[in-house]
$ cat final.cif   # mmCIF, C-alpha atoms and all ligand atoms
data_work
loop_
_atom_site.label_atom_id
_atom_site.label_comp_id
_atom_site.auth_asym_id
_atom_site.auth_seq_id
_atom_site.Cartn_x
_atom_site.Cartn_y
_atom_site.Cartn_z
CA MET A 485 18.50 -1.07 -18.52
CA ARG A 486 15.61 -3.08 -17.23
CA VAL A 487 12.59 -0.79 -16.77
CA HIS A 488 10.57 -1.24 -13.64
CA ILE A 489 6.90 -0.52 -13.96
CA TYR A 490 4.83 -1.52 -10.99
CA ALA A 491 1.24 -2.30 -12.00
CA ASP A 492 0.23 -4.68 -9.21
CA ASN A 493 -1.19 -2.21 -6.70
CA ALA A 494 -3.97 -4.61 -5.69
CA ALA A 495 -1.20 -6.86 -4.31
CA THR A 496 0.51 -4.07 -2.41
CA THR A 497 1.32 -0.39 -2.79
CA LYS A 498 4.32 1.89 -2.36
CA LEU A 499 4.57 3.40 1.10
CA ASP A 500 3.89 7.15 1.07
CA LYS A 501 7.01 9.15 1.94
CA SER A 502 5.08 11.20 4.51
CA ALA A 503 3.87 7.99 6.19
CA TYR A 504 7.41 6.62 6.26
CA GLU A 505 8.79 9.82 7.76
CA ALA A 506 6.06 9.95 10.39
CA MET A 507 6.97 6.38 11.43
CA ILE A 508 10.68 6.97 12.08
CA PRO A 509 10.53 8.67 15.53
CA TRP A 510 8.46 5.76 16.89
CA LEU A 511 11.14 3.30 15.79
CA THR A 512 14.12 5.30 16.99
CA GLU A 513 13.63 7.79 19.84
CA GLU A 514 10.07 7.19 21.03
CA TYR A 515 10.20 3.42 21.35
CA GLY A 516 8.32 3.19 24.66
CA ASN A 517 5.60 0.60 25.24
CA ALA A 518 2.31 2.50 24.93
CA SER A 519 0.71 0.40 27.69
CA GLN A 520 3.17 1.34 30.44
CA PRO A 521 2.20 3.85 33.13
CA TYR A 522 5.35 6.06 33.08
CA PHE A 523 6.01 9.29 31.17
CA PHE A 524 7.97 7.54 28.36
CA ALA A 525 4.74 5.78 27.35
CA ARG A 526 2.76 9.01 27.11
CA SER A 527 3.80 10.04 23.59
CA PRO A 528 3.24 6.58 22.02
CA LYS A 529 -0.10 6.37 23.83
CA ASN A 530 -1.11 9.76 22.44
CA ALA A 531 0.08 8.75 18.99
CA LEU A 532 -2.19 5.68 19.11
CA SER A 533 -5.17 7.83 20.13
CA GLU A 534 -4.48 10.33 17.39
CA ALA A 535 -4.13 7.59 14.76
CA ARG A 536 -7.38 5.98 15.95
CA GLU A 537 -9.17 9.33 15.63
CA THR A 538 -7.77 9.98 12.16
CA ILE A 539 -8.77 6.53 10.91
CA ALA A 540 -12.22 6.75 12.48
CA ALA A 541 -12.82 10.13 10.83
CA CYS A 542 -11.85 8.71 7.41
CA ILE A 543 -14.60 6.06 7.59
CA ASN A 544 -17.20 7.98 9.66
CA ALA A 545 -16.75 5.74 12.71
CA ARG A 546 -16.04 6.48 16.38
CA PRO A 547 -12.42 6.07 17.56
CA GLU A 548 -13.45 3.37 20.06
CA GLU A 549 -14.82 1.31 17.17
CA ILE A 550 -11.35 0.90 15.60
CA PHE A 551 -9.27 -2.13 16.67
CA PHE A 552 -5.72 -2.39 15.35
CA THR A 553 -4.73 -5.75 13.85
CA SER A 554 -1.85 -7.13 11.78
CA GLY A 555 -3.76 -6.63 8.51
CA GLY A 556 -6.59 -7.83 6.33
CA THR A 557 -6.12 -11.54 6.95
CA GLU A 558 -6.30 -11.15 10.71
CA SER A 559 -9.26 -8.76 10.55
CA ASP A 560 -11.22 -11.16 8.34
CA ASN A 561 -10.39 -14.15 10.55
CA TRP A 562 -11.37 -12.22 13.67
CA ALA A 563 -14.70 -11.05 12.26
CA ILE A 564 -15.70 -14.55 11.15
CA LYS A 565 -14.32 -16.66 13.98
CA GLY A 566 -15.07 -14.04 16.63
CA SER A 567 -18.73 -13.97 15.55
CA ALA A 568 -18.93 -17.77 15.45
CA LEU A 569 -17.54 -18.10 18.99
CA LEU A 570 -20.52 -16.16 20.37
CA ASN A 571 -22.95 -18.01 18.10
CA HIS A 572 -24.05 -20.60 20.64
CA ASP A 573 -27.13 -21.64 18.63
CA ARG A 574 -24.89 -22.49 15.64
CA LYS A 575 -26.81 -20.24 13.30
CA ALA A 576 -25.53 -19.97 9.73
CA THR A 577 -22.86 -17.69 8.29
CA ILE A 578 -23.45 -16.51 4.74
CA THR A 579 -20.63 -15.37 2.52
CA SER A 580 -19.94 -15.23 -1.22
CA SER A 581 -17.91 -17.55 -3.42
CA ILE A 582 -15.70 -14.66 -4.62
CA GLU A 583 -14.29 -13.61 -1.24
CA HIS A 584 -10.57 -13.46 -0.56
CA HIS A 585 -9.11 -16.68 0.86
CA ALA A 586 -8.77 -14.93 4.25
CA VAL A 587 -12.58 -15.04 4.42
CA LEU A 588 -13.15 -18.33 2.58
CA ARG A 589 -10.62 -20.28 4.63
CA ALA A 590 -11.81 -18.73 7.91
CA CYS A 591 -15.31 -19.89 6.90
CA ALA A 592 -14.00 -23.38 6.08
CA SER A 593 -12.42 -23.40 9.52
CA ILE A 594 -15.67 -22.59 11.37
CA GLU A 595 -17.48 -25.16 9.20
CA ARG A 596 -15.07 -27.80 10.50
CA MET A 597 -15.96 -26.64 14.03
CA GLY A 598 -19.62 -27.34 13.29
CA TYR A 599 -20.91 -23.90 12.29
CA PRO A 600 -22.86 -24.00 9.01
CA VAL A 601 -21.74 -21.73 6.16
CA ALA A 602 -23.61 -20.98 2.92
CA TYR A 603 -22.06 -19.42 -0.17
CA VAL A 604 -23.88 -16.97 -2.47
CA LYS A 605 -22.86 -16.98 -6.13
CA PRO A 606 -22.23 -13.73 -8.02
CA ASP A 607 -23.57 -12.85 -11.46
CA ALA A 608 -21.29 -12.85 -14.52
CA THR A 609 -19.93 -9.41 -13.59
CA GLY A 610 -19.03 -10.47 -10.06
CA ILE A 611 -21.96 -8.76 -8.34
CA ILE A 612 -23.76 -10.38 -5.40
CA SER A 613 -27.33 -9.34 -6.03
CA PRO A 614 -29.70 -8.50 -3.18
CA GLU A 615 -32.06 -11.13 -4.69
CA ALA A 616 -29.37 -13.83 -4.40
CA LEU A 617 -28.93 -13.01 -0.71
CA LYS A 618 -32.69 -12.87 -0.12
CA ALA A 619 -33.06 -16.34 -1.62
CA ILE A 620 -30.74 -17.91 0.95
CA ILE A 621 -30.98 -15.80 4.14
CA THR A 622 -33.28 -16.85 7.01
CA ASP A 623 -33.93 -15.68 10.56
CA ASN A 624 -31.44 -18.39 11.47
CA THR A 625 -28.52 -16.48 9.96
CA ASN A 626 -25.87 -15.21 12.37
CA LEU A 627 -23.49 -13.34 10.07
CA VAL A 628 -23.38 -12.12 6.48
CA SER A 629 -19.82 -11.47 5.27
CA MET A 630 -19.55 -9.88 1.81
CA MET A 631 -16.57 -8.02 0.39
CA LEU A 632 -16.91 -4.36 -0.55
CA ALA A 633 -14.72 -4.64 -3.64
CA ASN A 634 -13.28 -7.70 -5.31
CA ASN A 635 -9.49 -7.97 -5.45
CA GLU A 636 -9.33 -9.81 -8.78
CA ILE A 637 -11.90 -8.09 -10.96
CA GLY A 638 -12.61 -4.90 -9.02
CA SER A 639 -16.42 -5.19 -8.87
CA VAL A 640 -17.90 -3.03 -6.10
CA GLU A 641 -20.69 -4.84 -4.25
CA PRO A 642 -24.04 -3.29 -3.22
CA ILE A 643 -23.17 -3.57 0.49
CA GLU A 644 -25.75 -0.99 1.57
CA GLU A 645 -28.59 -3.11 0.22
CA LEU A 646 -27.05 -6.39 1.38
CA SER A 647 -26.63 -4.98 4.92
CA ALA A 648 -30.27 -3.89 5.06
CA ILE A 649 -31.42 -7.39 4.06
CA ALA A 650 -29.12 -9.03 6.63
CA HIS A 651 -30.27 -6.72 9.41
CA SER A 652 -33.94 -7.33 8.58
CA HIS A 653 -33.22 -10.98 9.48
CA GLY A 654 -31.34 -10.07 12.66
CA ALA A 655 -27.92 -11.02 11.26
CA LEU A 656 -24.64 -9.18 11.77
CA VAL A 657 -22.80 -7.83 8.72
CA HIS A 658 -19.08 -7.93 8.03
CA THR A 659 -17.43 -6.50 4.94
CA ASP A 660 -13.89 -7.09 3.73
CA ALA A 661 -13.07 -3.58 2.53
CA VAL A 662 -9.34 -4.25 2.11
CA GLN A 663 -9.30 -3.25 -1.58
CA ALA A 664 -11.76 -0.40 -1.22
CA ILE A 665 -10.56 1.71 1.71
CA GLY A 666 -8.49 4.68 0.59
CA HIS A 667 -9.59 4.19 -3.03
CA ILE A 668 -13.36 4.73 -3.02
CA PRO A 669 -15.47 6.55 -0.41
CA VAL A 670 -16.13 4.27 2.55
CA ASP A 671 -18.63 5.38 5.20
CA VAL A 672 -19.53 2.70 7.73
CA GLN A 673 -22.80 4.44 8.66
CA LYS A 674 -23.91 4.60 5.05
CA LEU A 675 -22.86 1.02 4.35
CA GLY A 676 -24.67 -0.08 7.51
CA VAL A 677 -22.04 -2.68 8.40
CA ASP A 678 -21.24 -3.99 11.88
CA MET A 679 -17.66 -4.98 11.10
CA MET A 680 -15.18 -3.99 8.40
CA SER A 681 -11.65 -5.19 7.60
CA ALA A 682 -8.83 -2.96 6.35
CA SER A 683 -5.15 -3.38 5.55
CA ALA A 684 -2.67 -0.48 5.41
CA HIS A 685 -0.38 -1.81 2.68
CA LYS A 686 -3.24 -1.61 0.18
CA PHE A 687 -3.55 2.15 0.65
CA ASN A 688 0.12 3.22 0.61
CA GLY A 689 0.67 2.43 4.28
CA PRO A 690 3.12 -0.05 5.81
CA LYS A 691 2.75 -3.85 5.64
CA GLY A 692 1.66 -5.98 8.59
CA ILE A 693 -0.84 -3.51 10.02
CA GLY A 694 -4.56 -3.03 9.57
CA PHE A 695 -7.72 -2.65 11.56
CA LEU A 696 -11.11 -4.10 12.19
CA TYR A 697 -14.00 -1.68 12.62
CA VAL A 698 -16.52 -3.08 15.10
CA ARG A 699 -19.71 -1.04 15.53
CA LYS A 700 -20.37 -0.09 19.15
CA GLY A 701 -22.83 -2.65 20.50
CA ALA A 702 -21.94 -5.38 17.96
CA LYS A 703 -20.93 -8.53 19.83
CA ILE A 704 -17.72 -10.28 18.83
CA ALA A 705 -15.37 -12.45 20.89
CA PRO A 706 -11.78 -11.24 21.52
CA PHE A 707 -9.30 -12.70 19.05
CA PHE A 708 -5.96 -12.90 20.84
CA ASP A 709 -5.79 -13.70 24.53
CA GLY A 710 -3.09 -12.01 26.56
CA GLY A 711 -2.70 -8.41 27.68
CA THR A 712 -5.42 -5.79 27.80
CA GLN A 713 -4.42 -3.87 24.68
CA GLU A 714 -7.22 -2.77 22.34
CA ARG A 715 -9.76 -2.76 25.19
CA ALA A 716 -8.82 -6.41 25.94
CA MET A 717 -10.16 -7.43 22.53
CA ARG A 718 -6.83 -7.95 20.75
CA ALA A 719 -3.85 -8.57 22.98
CA GLY A 720 -0.27 -7.78 22.01
CA THR A 721 2.05 -4.76 22.25
CA GLU A 722 0.93 -2.17 19.72
CA ASN A 723 3.08 -1.48 16.66
CA VAL A 724 3.01 2.29 17.17
CA ALA A 725 5.16 3.19 14.15
CA ALA A 726 3.06 1.09 11.76
CA ILE A 727 -0.21 2.41 13.23
CA VAL A 728 0.97 6.02 12.82
CA GLY A 729 2.06 5.27 9.22
CA MET A 730 -1.30 3.64 8.48
CA ALA A 731 -3.23 6.69 9.74
CA ILE A 732 -1.13 9.13 7.70
CA ALA A 733 -1.44 7.02 4.54
CA LEU A 734 -5.20 6.64 4.90
CA ASN A 735 -5.64 10.33 5.54
CA ASN A 736 -3.48 11.15 2.48
CA ASN A 737 -5.55 8.91 0.22
CA CYS A 738 -8.89 10.05 1.60
CA SER A 739 -7.98 13.74 1.28
CA LEU A 740 -6.90 13.32 -2.34
CA MET A 741 -9.43 10.66 -3.31
CA GLU A 742 -11.17 12.56 -6.13
CA GLN A 743 -7.86 13.63 -7.61
CA ASN A 744 -6.41 10.10 -7.43
CA GLN A 745 -9.57 8.59 -8.89
CA LEU A 746 -9.52 11.00 -11.82
CA HIS A 747 -5.85 10.22 -12.46
CA LEU A 748 -6.53 6.47 -12.43
CA ARG A 749 -9.63 6.72 -14.64
CA ASN A 750 -7.61 8.76 -17.16
CA LEU A 751 -4.80 6.16 -17.15
CA GLU A 752 -7.33 3.35 -17.59
CA GLU A 753 -9.03 5.09 -20.48
CA LYS A 754 -5.73 5.76 -22.19
CA PHE A 755 -4.57 2.17 -21.72
CA LEU A 756 -7.75 0.64 -23.14
CA SER A 757 -7.80 3.02 -26.08
CA LEU A 758 -4.17 2.10 -26.86
CA LEU A 759 -5.12 -1.58 -26.87
CA GLN A 760 -8.10 -0.86 -29.12
CA THR A 761 -6.00 1.18 -31.56
CA SER A 762 -3.53 -1.71 -31.71
CA LYS A 763 -6.46 -4.06 -32.50
CA VAL A 764 -5.67 -6.22 -29.49
CA GLN A 765 -8.72 -8.40 -28.75
CA TYR A 766 -9.64 -8.76 -25.09
CA ARG A 767 -12.57 -8.95 -22.74
CA ARG A 768 -12.68 -6.95 -19.55
CA ASN A 769 -13.95 -8.62 -16.40
CA GLY A 770 -15.97 -7.07 -13.60
CA SER A 771 -19.01 -4.86 -13.22
CA ASP A 772 -19.56 -1.29 -14.43
CA ILE A 773 -19.01 0.00 -10.91
CA ARG A 774 -15.38 -0.94 -10.35
CA LEU A 775 -12.34 0.04 -8.34
CA PRO A 776 -10.44 2.78 -10.16
CA GLY A 777 -7.29 1.45 -11.84
CA LEU A 778 -8.10 -2.24 -11.53
CA ILE A 779 -8.18 -3.80 -14.99
CA SER A 780 -8.78 -7.54 -15.32
CA LEU A 781 -8.36 -8.54 -18.95
CA SER A 782 -8.87 -11.94 -20.59
CA PHE A 783 -7.28 -12.87 -23.90
CA LEU A 784 -8.79 -15.79 -25.79
CA ASP A 785 -6.56 -18.90 -25.91
CA LYS A 786 -3.61 -17.06 -24.35
CA ASP A 787 -1.70 -18.16 -21.27
CA GLY A 788 -1.91 -15.55 -18.50
CA GLU A 789 1.05 -17.09 -16.68
CA MET A 790 3.18 -16.84 -19.80
CA MET A 791 2.07 -13.22 -20.31
CA LEU A 792 3.01 -12.39 -16.73
CA HIS A 793 6.52 -13.81 -17.21
CA ARG A 794 7.05 -12.07 -20.51
CA LEU A 795 5.95 -8.75 -18.99
CA ASP A 796 8.24 -9.46 -16.04
CA LEU A 797 11.19 -9.87 -18.44
CA GLN A 798 10.46 -6.32 -19.58
CA GLY A 799 10.37 -5.06 -15.99
CA ILE A 800 6.58 -4.81 -15.80
CA CYS A 801 4.83 -6.26 -12.73
CA VAL A 802 1.22 -7.44 -13.13
CA SER A 803 -0.66 -10.40 -11.72
CA THR A 804 -2.66 -13.33 -13.06
CA GLY A 805 -5.02 -14.40 -10.28
CA ALA A 806 -5.06 -13.15 -6.68
CA ALA A 807 -1.53 -12.01 -5.80
CA CYS A 808 -1.59 -13.67 -2.39
CA ASN A 809 -1.99 -16.90 -4.32
CA SER A 810 0.60 -16.32 -7.00
CA LYS A 811 1.99 -19.90 -7.05
CA ASP A 812 -1.40 -21.26 -7.99
CA THR A 813 -1.68 -21.73 -11.75
CA GLU A 814 -5.26 -23.01 -11.54
CA VAL A 815 -8.03 -20.77 -12.80
CA SER A 816 -8.89 -18.60 -9.83
CA HIS A 817 -12.03 -19.22 -7.77
CA VAL A 818 -13.30 -15.75 -8.72
CA LEU A 819 -13.07 -16.33 -12.49
CA ARG A 820 -14.70 -19.74 -11.97
CA ALA A 821 -17.51 -18.20 -9.89
CA ILE A 822 -18.36 -15.61 -12.56
CA GLY A 823 -18.54 -18.47 -15.08
CA LEU A 824 -15.75 -17.23 -17.34
CA ASP A 825 -15.01 -19.71 -20.12
CA ASP A 826 -11.70 -21.55 -19.52
CA ARG A 827 -10.33 -20.36 -22.86
CA TYR A 828 -10.60 -16.79 -21.54
CA ALA A 829 -9.96 -17.54 -17.86
CA LYS A 830 -6.53 -19.07 -18.53
CA GLY A 831 -5.54 -15.98 -20.50
CA THR A 832 -6.38 -13.51 -17.75
CA ILE A 833 -4.08 -10.88 -16.30
CA ARG A 834 -4.80 -8.24 -13.67
CA ILE A 835 -3.25 -4.82 -14.14
CA SER A 836 -3.82 -2.72 -11.04
CA LEU A 837 -2.69 0.87 -11.36
CA GLY A 838 -1.92 3.11 -8.43
CA LYS A 839 -1.56 6.82 -7.82
CA TYR A 840 2.18 6.69 -8.58
CA ASN A 841 1.71 5.28 -12.10
CA THR A 842 2.26 7.65 -15.03
CA THR A 843 1.08 7.93 -18.65
CA ASP A 844 4.55 6.79 -19.67
CA ASP A 845 3.97 3.53 -17.71
CA ILE A 846 0.71 3.09 -19.60
CA ASP A 847 2.39 3.51 -23.00
CA LYS A 848 4.98 0.88 -22.08
CA ILE A 849 2.49 -1.63 -20.67
CA ALA A 850 0.18 -1.29 -23.68
CA GLU A 851 3.09 -1.65 -26.11
CA ALA A 852 4.40 -4.73 -24.31
CA ILE A 853 0.94 -6.37 -24.27
CA LYS A 854 0.42 -5.62 -27.93
CA LYS A 855 3.69 -7.39 -28.80
CA ILE A 856 2.97 -10.39 -26.59
CA VAL A 857 -0.61 -10.91 -27.81
N1 LIG A 901 -8.89 -9.26 1.64
C1 LIG A 901 -8.68 -8.86 0.38
C2 LIG A 901 -9.85 -8.50 -0.48
C3 LIG A 901 -7.38 -8.78 -0.13
O1 LIG A 901 -7.18 -8.37 -1.38
C4 LIG A 901 -6.29 -9.14 0.70
C5 LIG A 901 -4.91 -9.15 0.19
O2 LIG A 901 -4.67 -9.29 -1.00
C6 LIG A 901 -6.57 -9.54 2.02
C7 LIG A 901 -7.87 -9.60 2.46
C8 LIG A 901 -5.46 -9.90 2.97
O3 LIG A 901 -4.86 -8.73 3.47
P1 LIG A 901 -3.40 -8.76 4.16
O4 LIG A 901 -2.42 -8.88 3.05
O5 LIG A 901 -3.30 -7.45 4.86
O6 LIG A 901 -3.39 -9.89 5.09
#
$ encode --input "final.cif" --output "structure tokens"
Amino acid sequence: MRVHIYADNAATTKLDKSAYEAMIPWLTEEYGNASQPYFFARSPKNALSEARETIAACINARPEEIFFTSGGTESDNWAIKGSALLNHDRKATITSSIEHHAVLRACASIERMGYPVAYVKPDATGIISPEALKAIITDNTNLVSMMLANNEIGSVEPIEELSAIAHSHGALVHTDAVQAIGHIPVDVQKLGVDMMSASAHKFNGPKGIGFLYVRKGAKIAPFFDGGTQERAMRAGTENVAAIVGMAIALNNNCSLMEQNQLHLRNLEEKFLSLLQTSKVQYRRNGSDIRLPGLISLSFLDKDGEMMLHRLDLQGICVSTGAACNSKDTEVSHVLRAIGLDDRYAKGTIRISLGKYNTTDDIDKIAEAIKKIV
């Protein structure tokens, strides 16, 4: 029988059973439109409020600062384009060269509209240093958008320091926290950000739902025109079931964060020690402060694509570059930006473990990699 070991949790995660169960009534019995004035809308409306409160509490925000979106891509696009639309003086946007394409392509889009964008380079471990931002930021900067954790190599960025620098120049700060939320502590007050993107399917919630945190007082243009949902900032009938599922999943992960982190660190340690015992030569990418369970490994003169397919034949799912870009066999923009030698970059795979992985999975993945390498 073909084993199935899912080790691509940075691409998406398994929906929590409790989130799934909480979603069902909103798809079956309680299907009313939350924006209608009659009694049948009352329960969905209350469910939206409750979900907003739960999510806000998980990130130390106020409920009215949470705007539901269709996921990370939309949240990133909204933060960047919505800030540009109010940027009448065409001040610059600063981002990094290791952002997800949802940020990079939204930036390319505003550049084409005549808004200047500058890109900060990371160091060899994928960290955007405060010094690198200081060297490029001016009082003519409108927005600084830097991810909280990188989806390919797991490096966690010093957002607190980067936010302070941006604010000292009067700029707004957005962070793409899609890979971080539900996995490491995220407190918007502590981070000092004005906007933050999240996506439920990365923290064991349903797909196609996410949110953008917008600090009260931060100015951003509405994204979708239409109805008055989401305080007239993001039109469209709310996906109540998905929003409820997202809140439950986030709350689950935040309540059990320490336990999940310990589990993932133990799996990681075991996996790497198995590779070392087998004398498999590799280099690990990313900084010392990394997302738990995200292991980007490069094997000299190996072909990452070939490794992925051979693991797939054994029922093991991993990734080579960014999962959202899985047809692209080019060396990823992140590995390029950290200056990884091509001989290593082409032999890179990303194993991203999740809370449902077991030590048995680790034994099988390590054994399979040993044989392939
Ligand atoms: N930002 C980061 C860092 C991601 O890893 C992803 C998805 O891989 C996204 C944004 C896009 O999120 P979504 O799939 O919800 O559109």
$ residues_near_ligand --input "final.cif" --ligand "ligand LIG 901 (chain A)" --cutoff "10 Å" --atoms "all atoms listed in the file" --output "MDAnalysis selection string"
chainID A and resid 493:496 553:561 582:587 631:636 638 659:664 681:686 690:695 806:809
$ closest_residue --input "final.cif" --among "A:Leu797, A:Val640, A:Leu781, A:Ala608" --to "Arg820 (chain A)" --atoms "only C-alpha atoms"
A:Ala608
$ atom_distance --input "final.cif" --atom1 "CA of Val604 (chain A)" --atom2 "CA of Pro776 (chain A)"
25.1 Å
$ residues_around --input "final.cif" --residues "His747 (chain A)" --least-positions-apart "3" --cutoff "9 Å" --atoms "all atoms listed in the file" --output "number ranges by chain"
A: 742-744, 750-752, 777, 839, 842
$ closest_residue --input "final.cif" --among "A:His793, A:Arg589, A:His488, A:Lys754" --to "Lys565 (chain A)" --atoms "all atoms listed in the file"
A:Arg589
$ atom_distance --input "final.cif" --atom1 "CA of Gly710 (chain A)" --atom2 "CA of Trp510 (chain A)"
23.3 Å
$ residues_around --input "final.cif" --residues "region 521-535 of chain A" --least-positions-apart "3" --cutoff "9 Å" --atoms "all atoms listed in the file" --output "PDB file with C-alpha atoms, in the coordinates of the input"
ATOM      1  CA  TRP A 510       8.460   5.760  16.890  1.00  0.00           C
ATOM      2  CA  GLU A 514      10.070   7.190  21.030  1.00  0.00           C
ATOM      3  CA  TYR A 515      10.200   3.420  21.350  1.00  0.00           C
ATOM      4  CA  GLY A 516       8.320   3.190  24.660  1.00  0.00           C
ATOM      5  CA  ASN A 517       5.600   0.600  25.240  1.00  0.00           C
ATOM      6  CA  ALA A 518       2.310   2.500  24.930  1.00  0.00           C
ATOM      7  CA  THR A 538      -7.770   9.980  12.160  1.00  0.00           C
ATOM      8  CA  ILE A 539      -8.770   6.530  10.910  1.00  0.00           C
ATOM      9  CA  ALA A 540     -12.220   6.750  12.480  1.00  0.00           C
ATOM     10  CA  PRO A 547     -12.420   6.070  17.560  1.00  0.00           C
ATOM     11  CA  GLU A 722       0.930  -2.170  19.720  1.00  0.00           C
ATOM     12  CA  VAL A 724       3.010   2.290  17.170  1.00  0.00           C
ATOM     13  CA  ALA A 725       5.160   3.190  14.150  1.00  0.00           C
ATOM     14  CA  ILE A 727      -0.210   2.410  13.230  1.00  0.00           C
ATOM     15  CA  VAL A 728       0.970   6.020  12.820  1.00  0.00           C
ATOM     16  CA  GLY A 729       2.060   5.270   9.220  1.00  0.00           C
ATOM     17  CA  MET A 730      -1.300   3.640   8.480  1.00  0.00           C
ATOM     18  CA  ALA A 731      -3.230   6.690   9.740  1.00  0.00           C
ATOM     19  CA  ILE A 732      -1.130   9.130   7.700  1.00  0.00           C
TER      20      ILE A 732
END
$ closest_residue --input "final.cif" --among "A:Ser757, A:Leu627, A:Leu824, A:Ser639" --to "Ile846 (chain A)" --atoms "all atoms listed in the file"
A:Ser757
$ decode --input "final.cif" --residues "region 785-791 of chain A" --atoms "all heavy atoms" --output "tab-separated table (two decimals), in the first residue's frame"
chain	number	residue	atom	x	y	z
A	785	ASP	N	24.67	19.34	-5.50
A	785	ASP	CA	24.60	18.68	-6.82
A	785	ASP	C	23.45	17.69	-6.97
A	785	ASP	O	23.50	16.80	-7.81
A	785	ASP	CB	25.93	17.99	-7.15
A	785	ASP	CG	27.02	19.03	-7.39
A	785	ASP	OD1	26.67	20.16	-7.79
A	785	ASP	OD2	28.20	18.72	-7.14
A	786	LYS	N	22.42	17.83	-6.11
A	786	LYS	CA	21.23	16.98	-6.28
A	786	LYS	C	20.16	17.82	-6.98
A	786	LYS	O	20.27	19.04	-7.10
A	786	LYS	CB	20.71	16.50	-4.93
A	786	LYS	CG	21.69	15.61	-4.19
A	786	LYS	CD	21.70	14.22	-4.75
A	786	LYS	CE	22.66	13.30	-4.05
A	786	LYS	NZ	23.95	13.11	-4.70
A	787	ASP	N	19.12	17.13	-7.44
A	787	ASP	CA	18.03	17.81	-8.12
A	787	ASP	C	16.78	17.75	-7.22
A	787	ASP	O	16.20	16.68	-7.03
A	787	ASP	CB	17.79	17.07	-9.46
A	787	ASP	CG	16.65	17.69	-10.26
A	787	ASP	OD1	15.89	18.50	-9.69
A	787	ASP	OD2	16.51	17.35	-11.44
A	788	GLY	N	16.42	18.90	-6.67
A	788	GLY	CA	15.30	18.96	-5.72
A	788	GLY	C	14.00	18.45	-6.33
A	788	GLY	O	13.21	17.77	-5.67
A	789	GLU	N	13.81	18.78	-7.61
A	789	GLU	CA	12.60	18.35	-8.33
A	789	GLU	C	12.54	16.82	-8.39
A	789	GLU	O	11.50	16.21	-8.15
A	789	GLU	CB	12.68	18.94	-9.75
A	789	GLU	CG	11.38	19.04	-10.48
A	789	GLU	CD	10.44	20.08	-9.89
A	789	GLU	OE1	10.88	20.96	-9.12
A	789	GLU	OE2	9.24	19.98	-10.19
A	790	MET	N	13.70	16.24	-8.71
A	790	MET	CA	13.77	14.78	-8.79
A	790	MET	C	13.51	14.17	-7.40
A	790	MET	O	12.78	13.18	-7.26
A	790	MET	CB	15.16	14.38	-9.32
A	790	MET	CG	15.42	12.91	-9.45
A	790	MET	SD	15.93	12.13	-7.91
A	790	MET	CE	17.58	12.79	-7.70
A	791	MET	N	14.06	14.80	-6.36
A	791	MET	CA	13.85	14.28	-5.00
A	791	MET	C	12.37	14.32	-4.63
A	791	MET	O	11.83	13.37	-4.06
A	791	MET	CB	14.65	15.11	-3.98
A	791	MET	CG	16.15	14.90	-4.12
A	791	MET	SD	17.07	15.82	-2.86
A	791	MET	CE	16.70	14.87	-1.41
